[in-house]
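J.: Please find my_file36.cif (mmCIF, C-alpha atoms) on the next line:
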data_protein
loop_
_atom_site.label_atom_id
_atom_site.label_comp_id
_atom_site.auth_asym_id
_atom_site.auth_seq_id
_atom_site.Cartn_x
_atom_site.Cartn_y
_atom_site.Cartn_z
CA MET G 13 -5.53 9.11 -16.48
CA ARG G 14 -3.84 11.22 -13.80
CA GLY G 15 -4.98 14.45 -15.44
CA HIS G 16 -8.60 13.42 -16.02
CA LEU G 17 -9.62 11.45 -12.91
CA ALA G 18 -13.03 13.10 -12.67
CA GLU G 19 -14.01 12.21 -16.24
CA PRO G 20 -15.83 9.01 -17.27
CA LEU G 21 -12.84 7.51 -19.09
CA GLN G 22 -13.59 4.47 -21.23
CA LEU G 23 -11.14 1.95 -22.67
CA ALA G 24 -11.70 3.32 -26.17
CA ASP G 25 -10.90 6.86 -24.98
CA LEU G 26 -7.59 5.73 -23.47
CA ALA G 27 -6.61 3.59 -26.46
CA ARG G 28 -7.29 6.49 -28.83
CA VAL G 29 -4.57 8.57 -27.10
CA VAL G 30 -1.80 6.09 -27.94
CA PRO G 31 -3.24 5.27 -30.55
CA PHE G 32 -3.87 1.52 -30.53
CA SER G 33 -6.92 -0.64 -30.90
CA PRO G 34 -8.70 -1.12 -27.54
CA PHE G 35 -7.78 -4.82 -27.51
CA HIS G 36 -4.08 -4.22 -28.23
CA PHE G 37 -3.91 -1.32 -25.77
CA HIS G 38 -5.55 -3.37 -23.00
CA ARG G 39 -3.03 -6.21 -23.45
CA LEU G 40 0.03 -3.94 -23.58
CA PHE G 41 -1.14 -1.87 -20.61
CA ARG G 42 -1.53 -4.96 -18.47
CA ASP G 43 1.88 -6.28 -19.53
CA VAL G 44 3.55 -3.03 -18.48
CA THR G 45 1.66 -2.20 -15.27
CA SER G 46 0.48 -5.68 -14.12
CA MET G 47 -3.07 -4.27 -13.95
CA THR G 48 -5.91 -3.67 -16.39
CA PRO G 49 -6.58 -0.04 -17.40
CA ALA G 50 -9.83 -0.01 -15.41
CA ARG G 51 -8.17 -1.26 -12.22
CA PHE G 52 -5.21 1.09 -12.65
CA LEU G 53 -7.59 4.02 -13.06
CA ALA G 54 -9.51 2.96 -9.96
CA ALA G 55 -6.24 2.78 -8.00
CA LEU G 56 -5.27 6.29 -9.14
CA ARG G 57 -8.69 7.60 -8.11
CA MET G 58 -8.37 6.02 -4.68
CA ALA G 59 -4.86 7.45 -4.29
CA GLU G 60 -6.13 10.96 -5.07
CA ALA G 61 -9.04 10.43 -2.67
CA ARG G 62 -6.59 9.51 0.10
CA ARG G 63 -4.64 12.72 -0.49
CA MET G 64 -7.83 14.75 -0.25
CA LEU G 65 -8.93 12.92 2.89
CA LEU G 66 -5.60 13.72 4.53
CA HIS G 67 -5.09 17.30 3.38
CA SER G 68 -8.60 18.75 3.03
CA GLY G 69 -11.74 19.11 5.09
CA LEU G 70 -14.00 18.07 2.22
CA THR G 71 -16.75 15.58 2.93
CA VAL G 72 -16.61 12.06 1.54
CA THR G 73 -19.43 12.96 -0.86
CA ALA G 74 -17.50 15.95 -2.22
CA ILE G 75 -14.31 13.92 -2.60
CA SER G 76 -16.14 11.16 -4.45
CA GLY G 77 -17.22 13.69 -7.08
CA HIS G 78 -13.69 15.05 -7.45
CA VAL G 79 -12.38 11.58 -8.36
CA GLY G 80 -15.07 10.62 -10.83
CA TYR G 81 -17.87 8.98 -8.84
CA THR G 82 -21.47 10.13 -9.11
CA SER G 83 -22.51 8.09 -6.07
CA ALA G 84 -20.88 8.48 -2.65
CA GLY G 85 -22.05 4.97 -1.78
CA THR G 86 -20.31 3.45 -4.80
CA PHE G 87 -17.17 5.41 -3.99
CA THR G 88 -17.18 4.26 -0.35
CA THR G 89 -17.66 0.64 -1.40
CA GLN G 90 -14.80 0.85 -3.91
CA PHE G 91 -12.54 2.67 -1.46
CA SER G 92 -13.18 0.10 1.26
CA ARG G 93 -12.51 -2.78 -1.15
CA LEU G 94 -9.23 -1.42 -2.50
CA VAL G 95 -7.84 0.32 0.59
CA GLY G 96 -9.23 -2.03 3.22
CA THR G 97 -11.14 0.44 5.37
CA SER G 98 -13.71 3.21 5.08
CA PRO G 99 -12.77 6.73 3.96
CA GLY G 100 -13.50 8.14 7.41
CA HIS G 101 -11.32 5.60 9.19
CA PHE G 102 -8.52 6.15 6.72
CA ARG G 103 -8.66 9.89 7.39
CA GLN G 104 -8.24 9.28 11.13
CA LEU G 105 -5.27 6.96 10.75
CA ALA G 106 -3.50 9.01 8.07
CA ARG G 107 -3.70 12.16 10.19
CA LEU G 108 -2.32 10.32 13.21
CA LEU G 109 0.80 9.27 11.31
CA ALA G 110 1.19 12.35 9.12
CA GLY G 111 3.77 14.05 11.36
CA ARG G 112 5.64 10.96 12.61
CA PRO G 113 9.12 10.65 11.03
CA CYS G 114 9.93 7.12 9.95
CA HIS G 115 13.01 6.88 12.15
CA VAL G 116 10.75 7.46 15.20
CA LEU G 117 8.33 4.75 14.08
CA ALA G 118 11.22 2.40 13.31
CA GLU G 119 12.58 2.90 16.82
CA SER G 120 9.12 2.14 18.24
CA LEU G 121 9.08 -1.10 16.27
CA ARG G 122 12.43 -2.13 17.74
CA LYS G 123 11.31 -1.41 21.31
CA VAL G 124 8.20 -3.54 21.15
CA THR G 125 8.55 -6.76 23.09
CA SER G 126 7.14 -9.52 20.91
CA GLU G 127 7.04 -13.26 20.86
CA VAL G 128 9.82 -15.16 19.12
CA ILE G 129 8.99 -15.12 15.43
CA ARG G 130 9.93 -18.05 13.24
CA PRO G 131 9.51 -16.68 9.73
CA ARG G 132 9.25 -19.01 6.78
CA LEU G 133 10.99 -16.41 4.66
CA THR G 134 13.38 -13.53 5.35
CA LEU G 135 13.49 -10.73 2.80
CA HIS G 136 16.56 -8.59 2.26
CA LEU G 137 16.42 -5.13 0.70
CA PRO G 138 19.99 -4.01 -0.09
CA ASP G 139 19.21 -0.27 0.14
CA SER G 140 17.55 -0.46 3.57
CA ALA G 141 19.02 1.61 6.44
CA PRO G 142 18.25 1.28 10.19
CA GLY G 143 15.90 4.28 10.31
CA ASP G 144 13.87 3.23 7.28
CA LEU G 145 10.53 1.44 7.31
CA VAL G 146 9.97 -1.58 5.08
CA LEU G 147 6.42 -2.55 4.09
CA VAL G 148 5.92 -5.75 2.10
CA GLY G 149 2.53 -6.73 0.70
CA LEU G 150 1.84 -10.35 -0.26
CA ARG G 151 -0.68 -11.49 -2.85
CA PRO G 152 -1.11 -15.22 -3.51
CA GLN G 153 -0.23 -16.03 -7.11
CA GLY G 154 -3.20 -17.06 -9.18
CA GLU G 155 -5.79 -15.12 -7.17
CA ALA G 156 -7.87 -12.56 -9.04
CA THR G 157 -7.07 -9.59 -6.82
CA ASP G 158 -4.81 -6.57 -7.06
CA SER G 159 -4.73 -5.95 -3.32
CA PRO G 160 -2.30 -7.71 -0.96
CA THR G 161 -3.93 -10.14 1.46
CA ALA G 162 -1.24 -9.69 4.12
CA TRP G 163 1.57 -7.32 5.06
CA ALA G 164 4.94 -7.61 6.74
CA VAL G 165 6.13 -4.42 8.45
CA SER G 166 9.63 -3.97 9.79
CA ALA G 167 12.29 -1.44 10.71
CA GLY G 168 14.99 -1.20 8.07
CA GLY G 169 18.59 -2.31 8.19
CA ALA G 170 17.91 -6.02 8.62
CA GLY G 171 15.96 -8.82 7.04
CA VAL G 172 12.17 -8.55 6.97
CA PRO G 173 10.58 -11.68 8.46
CA VAL G 174 7.55 -12.91 6.53
CA VAL G 175 5.07 -15.05 8.45
CA ALA G 176 2.39 -16.45 6.15
CA ARG G 177 1.00 -19.73 4.95
CA PRO G 178 3.25 -21.76 2.63
CA GLY G 179 2.76 -21.07 -1.04
CA ALA G 180 3.67 -18.89 -4.00
CA TYR G 181 3.19 -15.14 -3.64
CA HIS G 182 3.73 -11.95 -5.57
CA ALA G 183 5.33 -9.43 -3.23
CA ARG G 184 5.43 -5.65 -3.50
CA ALA G 185 7.85 -3.82 -1.24
CA VAL G 186 7.81 -0.16 -0.23
CA LEU G 187 10.90 1.20 1.52
CA VAL G 188 10.12 4.53 3.21
CA ARG G 189 13.19 6.63 3.94
CA SER G 190 14.01 7.53 7.56
CA HIS G 191 13.82 11.28 6.98
CA SER G 192 10.33 11.05 5.51
CA THR G 193 6.92 10.00 6.85
CA VAL G 194 4.55 7.21 5.90
CA ALA G 195 2.02 9.80 4.73
CA ARG G 196 4.50 11.46 2.38
CA ALA G 197 5.35 8.13 0.80
CA LEU G 198 2.04 6.25 0.73
CA VAL G 199 -0.37 9.18 0.39
CA ASP G 200 1.52 12.08 -1.19
CA GLU G 201 3.82 9.77 -3.19
CA GLU G 202 6.76 12.18 -2.94
CA PRO G 203 9.38 10.68 -5.30
CA THR G 204 12.36 11.11 -2.94
CA SER G 205 10.62 9.66 0.10
CA TYR G 206 10.37 6.00 -0.91
CA LEU G 207 11.54 3.18 -3.14
CA VAL G 208 9.53 0.29 -4.53
CA GLY G 209 10.22 -3.23 -5.71
CA ALA G 210 8.43 -6.44 -6.64
CA ALA G 211 9.26 -10.13 -6.83
CA ASP G 212 7.67 -13.57 -6.98
CA LEU G 213 8.38 -15.49 -3.78
CA LEU G 214 7.92 -19.02 -2.50
CA LEU G 215 7.27 -19.65 1.19
CA PRO G 216 8.39 -23.22 1.87
CA ARG G 217 6.38 -25.78 3.79
CA ASP G 218 9.41 -27.15 5.59
CA GLY G 219 12.36 -25.17 6.79
CA ARG G 220 13.12 -21.53 6.14
CA ALA G 221 14.44 -19.55 3.20
CA SER G 222 15.66 -16.08 2.28
CA ALA G 223 15.10 -13.87 -0.73
CA ARG G 224 16.22 -10.52 -2.05
CA ILE G 225 14.09 -7.69 -3.45
CA GLU G 226 15.70 -4.91 -5.43
CA VAL G 227 14.05 -1.53 -4.91
CA GLU G 228 14.20 1.60 -7.05
CA PRO G 229 12.44 4.97 -7.39
CA PRO G 230 8.79 4.61 -8.41
CA ARG G 231 7.86 4.92 -12.08
CA PRO G 232 4.64 6.38 -13.53
CA THR G 233 3.61 2.84 -14.48
CA ASP G 234 3.83 1.56 -10.88
CA PRO G 235 0.38 1.33 -9.27
CA PRO G 236 -0.11 3.15 -5.95
CA ALA G 237 0.32 1.17 -2.73
CA LEU G 238 -3.23 1.50 -1.42
CA ALA G 239 -3.68 -1.00 1.41
CA ILE G 240 -4.21 0.25 4.94
CA GLY G 241 -2.72 -2.86 6.58
CA PRO G 242 0.76 -1.48 7.32
CA VAL G 243 -0.67 1.84 8.54
CA CYS G 244 -2.90 0.01 11.03
CA ARG G 245 0.07 -2.02 12.23
CA LEU G 246 2.20 1.10 12.73
CA VAL G 247 -0.55 2.84 14.73
CA GLU G 248 -1.06 -0.29 16.84
CA THR G 249 2.67 -0.54 17.53
CA PHE G 250 3.05 3.15 18.29
CA THR G 251 0.21 3.05 20.82
CA GLY G 252 1.32 -0.21 22.38
CA ARG G 253 -1.85 -2.02 21.37
CA SER G 254 -0.22 -4.82 19.43
CA GLY G 255 2.06 -7.51 20.76
CA SER G 256 3.85 -8.10 17.47
CA SER G 257 5.58 -5.39 15.48
CA ARG G 258 6.45 -7.44 12.46
CA TRP G 259 3.28 -8.82 11.00
CA SER G 260 -0.02 -7.50 9.74
CA GLY G 261 -2.83 -9.45 8.19
CA ARG G 262 -6.08 -7.88 7.03
CA SER G 263 -6.69 -4.53 8.66
CA ARG G 264 -9.33 -4.01 11.31
CA PRO G 265 -10.79 -0.75 12.64
CA LEU G 266 -9.17 0.74 15.71
CA GLY G 267 -11.38 1.79 18.59
CA ARG G 268 -11.88 5.34 19.78
CA ARG G 269 -9.70 4.76 22.83
CA THR G 270 -6.77 3.60 20.70
CA LEU G 271 -7.18 6.54 18.33
CA ALA G 272 -7.33 8.97 21.24
CA THR G 273 -4.17 7.48 22.74
CA ALA G 274 -2.33 7.82 19.45
CA ALA G 275 -3.45 11.41 19.02
CA SER G 276 -2.03 12.37 22.41
CA ALA G 277 1.23 10.38 22.00
#
Take the structure in the file and give it back as structure tokens.

T.:
Amino acid sequence: MRGHLAEPLQLADLARVVPFSPFHFHRLFRDVTSMTPARFLAALRMAEARRMLLHSGLTVTAISGHVGYTSAGTFTTQFSRLVGTSPGHFRQLARLLAGRPCHVLAESLRKVTSEVIRPRLTLHLPDSAPGDLVLVGLRPQGEATDSPTAWAVSAGGAGVPVVARPGAYHARAVLVRSHSTVARALVDEEPTSYLVGAADLLLPRDGRASARIEVEPPRPTDPPALAIGPVCRLVETFTGRSGSSRWSGRSRPLGRRTLATAASA
């Protein structure tokens, strides 16, 4: 998949490589990656598109062709659905954060004056250090979506407070090392810049709880972390736009004034 993103790969083509029957391959692939082959391929294409948006001056139309789409409109729709924002807006945000070391962003998170947060759940990542950034995406169990519906963002070294509605969730955590940047981890996927982990969590209706997520270096079978939610939250925090540094729901576009402020910060 990674070597043939621009080609019209079909399930039968992928199964023939193994080789398994398409049905058997589809089932095994989903067991290993937690996603269907088609959705995993779409995630890889969006991940490559994000790299090109950050590092090249190519138009959205040109990038869509490089990652296997014959229609720029279809590509933009798919990108917006999986990433949470348009390709153009992603390019703006990614370039704003590209040169910001994580320890600087983590310090900005600590300095933000926010309201007292009463999390229903506190997550602990044993490998987290004070200069790291911890991004946790939540997806309600049983929902037919691969994208998190909410994000918790926190400086490392302590528990990550999760503020969401009670219920059962599948959580994916990304721990970005202090010496790296969010762009290197989430866009370039540099192996030494981040760790990943996943767990099924329960947010109680009454009282509070804690949970632990083990993180490890990413594997080729781990899907890319595509959502823009934590990036929006970091830009908002860095520019002083947001009152809370710990929580991000669905992303929303930032205005030109906010983007200009971040660019000059």

J.: Could you list the residues chosen by the PyMOL selection byres ((chain G and resi 97) around 12) in this structure as a PDB file with C-alpha atoms, in the frame of the given file?

T.:
ATOM      1  CA  MET G  58      -8.370   6.020  -4.680  1.00  0.00           C
ATOM      2  CA  ARG G  62      -6.590   9.510   0.100  1.00  0.00           C
ATOM      3  CA  THR G  88     -17.180   4.260  -0.350  1.00  0.00           C
ATOM      4  CA  THR G  89     -17.660   0.640  -1.400  1.00  0.00           C
ATOM      5  CA  GLN G  90     -14.800   0.850  -3.910  1.00  0.00           C
ATOM      6  CA  PHE G  91     -12.540   2.670  -1.460  1.00  0.00           C
ATOM      7  CA  SER G  92     -13.180   0.100   1.260  1.00  0.00           C
ATOM      8  CA  ARG G  93     -12.510  -2.780  -1.150  1.00  0.00           C
ATOM      9  CA  LEU G  94      -9.230  -1.420  -2.500  1.00  0.00           C
ATOM     10  CA  VAL G  95      -7.840   0.320   0.590  1.00  0.00           C
ATOM     11  CA  GLY G  96      -9.230  -2.030   3.220  1.00  0.00           C
ATOM     12  CA  SER G  98     -13.710   3.210   5.080  1.00  0.00           C
ATOM     13  CA  PRO G  99     -12.770   6.730   3.960  1.00  0.00           C
ATOM     14  CA  GLY G 100     -13.500   8.140   7.410  1.00  0.00           C
ATOM     15  CA  HIS G 101     -11.320   5.600   9.190  1.00  0.00           C
ATOM     16  CA  PHE G 102      -8.520   6.150   6.720  1.00  0.00           C
ATOM     17  CA  ARG G 103      -8.660   9.890   7.390  1.00  0.00           C
ATOM     18  CA  GLN G 104      -8.240   9.280  11.130  1.00  0.00           C
ATOM     19  CA  LEU G 105      -5.270   6.960  10.750  1.00  0.00           C
ATOM     20  CA  ALA G 106      -3.500   9.010   8.070  1.00  0.00           C
ATOM     21  CA  LEU G 238      -3.230   1.500  -1.420  1.00  0.00           C
ATOM     22  CA  ALA G 239      -3.680  -1.000   1.410  1.00  0.00           C
ATOM     23  CA  ILE G 240      -4.210   0.250   4.940  1.00  0.00           C
ATOM     24  CA  GLY G 241      -2.720  -2.860   6.580  1.00  0.00           C
ATOM     25  CA  VAL G 243      -0.670   1.840   8.540  1.00  0.00           C
ATOM     26  CA  CYS G 244      -2.900   0.010  11.030  1.00  0.00           C
ATOM     27  CA  ARG G 262      -6.080  -7.880   7.030  1.00  0.00           C
ATOM     28  CA  SER G 263      -6.690  -4.530   8.660  1.00  0.00           C
ATOM     29  CA  ARG G 264      -9.330  -4.010  11.310  1.00  0.00           C
ATOM     30  CA  PRO G 265     -10.790  -0.750  12.640  1.00  0.00           C
ATOM     31  CA  LEU G 266      -9.170   0.740  15.710  1.00  0.00           C
TER      32      LEU G 266
END

J.: Atom CA of Leu198 of chain G to atom CA of Ala237 of chain G: how many Å, to one decimal?

T.: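 Here the two named atoms are 6.4 Å from each other.
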
J.: Select all residues near (5.5, 8.2, 8.8) (cut-off 10 Å, inclusive, file coordinates), counting only C-alpha atoms, and output them as a PyMOL selection string.

T.: chain G and resi 106+108-118+144-145+188-198+243+246

J.: Which distance in Å separates atom CA of Ala61 of chain G and atom CA of Arg107 of chain G, to one decimal?

T.: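 Spanning atom CA of Ala61 of chain G to atom CA of Arg107 of chain G is a straight-line distance of 14.0 Å.
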
J.: Between G:Val146, G:Ala141, G:Leu133, G:Val44, which one has atoms that come closest to Pro173 of chain G, using only C-alpha atoms?

T.: G:Leu133

J.: Give as an mmCIF file with C-alpha atoms, in the frame of the given file the residues that the PyMOL selection byres ((chain G and resi 49) around 12) matches when applied to the coordinates above.

T.:
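Output file expr-v7.cif is given in full below:
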data_model
loop_
_atom_site.group_PDB
_atom_site.id
_atom_site.type_symbol
_atom_site.label_atom_id
_atom_site.label_comp_id
_atom_site.auth_asym_id
_atom_site.auth_seq_id
_atom_site.Cartn_x
_atom_site.Cartn_y
_atom_site.Cartn_z
ATOM 1 C CA MET G 13 -5.530 9.110 -16.480
ATOM 2 C CA LEU G 21 -12.840 7.510 -19.090
ATOM 3 C CA GLN G 22 -13.590 4.470 -21.230
ATOM 4 C CA LEU G 23 -11.140 1.950 -22.670
ATOM 5 C CA ALA G 24 -11.700 3.320 -26.170
ATOM 6 C CA ASP G 25 -10.900 6.860 -24.980
ATOM 7 C CA LEU G 26 -7.590 5.730 -23.470
ATOM 8 C CA ALA G 27 -6.610 3.590 -26.460
ATOM 9 C CA PRO G 34 -8.700 -1.120 -27.540
ATOM 10 C CA PHE G 35 -7.780 -4.820 -27.510
ATOM 11 C CA HIS G 36 -4.080 -4.220 -28.230
ATOM 12 C CA PHE G 37 -3.910 -1.320 -25.770
ATOM 13 C CA HIS G 38 -5.550 -3.370 -23.000
ATOM 14 C CA ARG G 39 -3.030 -6.210 -23.450
ATOM 15 C CA LEU G 40 0.030 -3.940 -23.580
ATOM 16 C CA PHE G 41 -1.140 -1.870 -20.610
ATOM 17 C CA ARG G 42 -1.530 -4.960 -18.470
ATOM 18 C CA ASP G 43 1.880 -6.280 -19.530
ATOM 19 C CA VAL G 44 3.550 -3.030 -18.480
ATOM 20 C CA THR G 45 1.660 -2.200 -15.270
ATOM 21 C CA SER G 46 0.480 -5.680 -14.120
ATOM 22 C CA MET G 47 -3.070 -4.270 -13.950
ATOM 23 C CA THR G 48 -5.910 -3.670 -16.390
ATOM 24 C CA ALA G 50 -9.830 -0.010 -15.410
ATOM 25 C CA ARG G 51 -8.170 -1.260 -12.220
ATOM 26 C CA PHE G 52 -5.210 1.090 -12.650
ATOM 27 C CA LEU G 53 -7.590 4.020 -13.060
ATOM 28 C CA ALA G 54 -9.510 2.960 -9.960
ATOM 29 C CA ALA G 55 -6.240 2.780 -8.000
ATOM 30 C CA LEU G 56 -5.270 6.290 -9.140
ATOM 31 C CA THR G 233 3.610 2.840 -14.480
ATOM 32 C CA PRO G 235 0.380 1.330 -9.270
#

J.: Take the point (20.2, -3.5, 9.2) as written in the file and pick out every residue within 12 Å of it, counting all atoms listed in the file; give the list as a PyMOL selection string.

T.: chain G and resi 118+122+135-146+166-172

J.: Which residue out of G:Trp163, G:Leu213, G:Arg245, G:Glu201 has the minimum interatomic distance to Arg231 of chain G when all atoms listed in the file are used?

T.: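 Among the listed residues, the smallest separation from Arg231 of chain G belongs to G:Glu201.
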
J.: One number please: atom CA of Arg14 of chain G to atom CA of Tyr206 of chain G, in Å, one decimal.

T.: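 Going from atom CA of Arg14 of chain G over to atom CA of Tyr206 of chain G, I get 19.9 Å.
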
J.: Enumerate, as an mmCIF file with C-alpha atoms, keeping the file's coordinate frame, the residues matched when the PyMOL selection byres ((chain G and resi 177) around 9) is run on the file above.

T.:
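Output file out-v9.cif is given in full below:
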data_model
loop_
_atom_site.group_PDB
_atom_site.id
_atom_site.type_symbol
_atom_site.label_atom_id
_atom_site.label_comp_id
_atom_site.auth_asym_id
_atom_site.auth_seq_id
_atom_site.Cartn_x
_atom_site.Cartn_y
_atom_site.Cartn_z
ATOM 1 C CA ARG G 132 9.250 -19.010 6.780
ATOM 2 C CA VAL G 175 5.070 -15.050 8.450
ATOM 3 C CA ALA G 176 2.390 -16.450 6.150
ATOM 4 C CA PRO G 178 3.250 -21.760 2.630
ATOM 5 C CA GLY G 179 2.760 -21.070 -1.040
ATOM 6 C CA LEU G 215 7.270 -19.650 1.190
ATOM 7 C CA PRO G 216 8.390 -23.220 1.870
ATOM 8 C CA ARG G 217 6.380 -25.780 3.790
#

J.: Find, counting only C-alpha atoms, the residue in G:Pro31, G:Tyr181, G:His78, G:Pro20 that gets nearest to Gly154 of chain G.

T.: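 Closest to Gly154 of chain G, using only C-alpha atoms: G:Tyr181.
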
J.: For Ala180 of chain G, which residue among G:Ser222, G:Ala162, G:Ser205, G:Arg151 is the nearest when counting all atoms listed in the file?

T.: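 So, comparing all the options, the nearest one is G:Arg151.
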
J.: Rank nothing, just name the residue among G:Ala164, G:Ala185, G:Val199, G:Leu17 nearest to Ser76 of chain G, using all atoms listed in the file.

T.: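 Among G:Ala164, G:Ala185, G:Val199, G:Leu17, it is G:Leu17 that comes nearest to Ser76 of chain G.
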
J.: Counting all atoms listed in the file, which of G:Pro203, G:Gly209, G:Gly15, G:Pro230 gets nearest to Val79 of chain G?

T.: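 Going through G:Pro203, G:Gly209, G:Gly15, G:Pro230 one by one, the smallest distance to Val79 of chain G is for G:Gly15.
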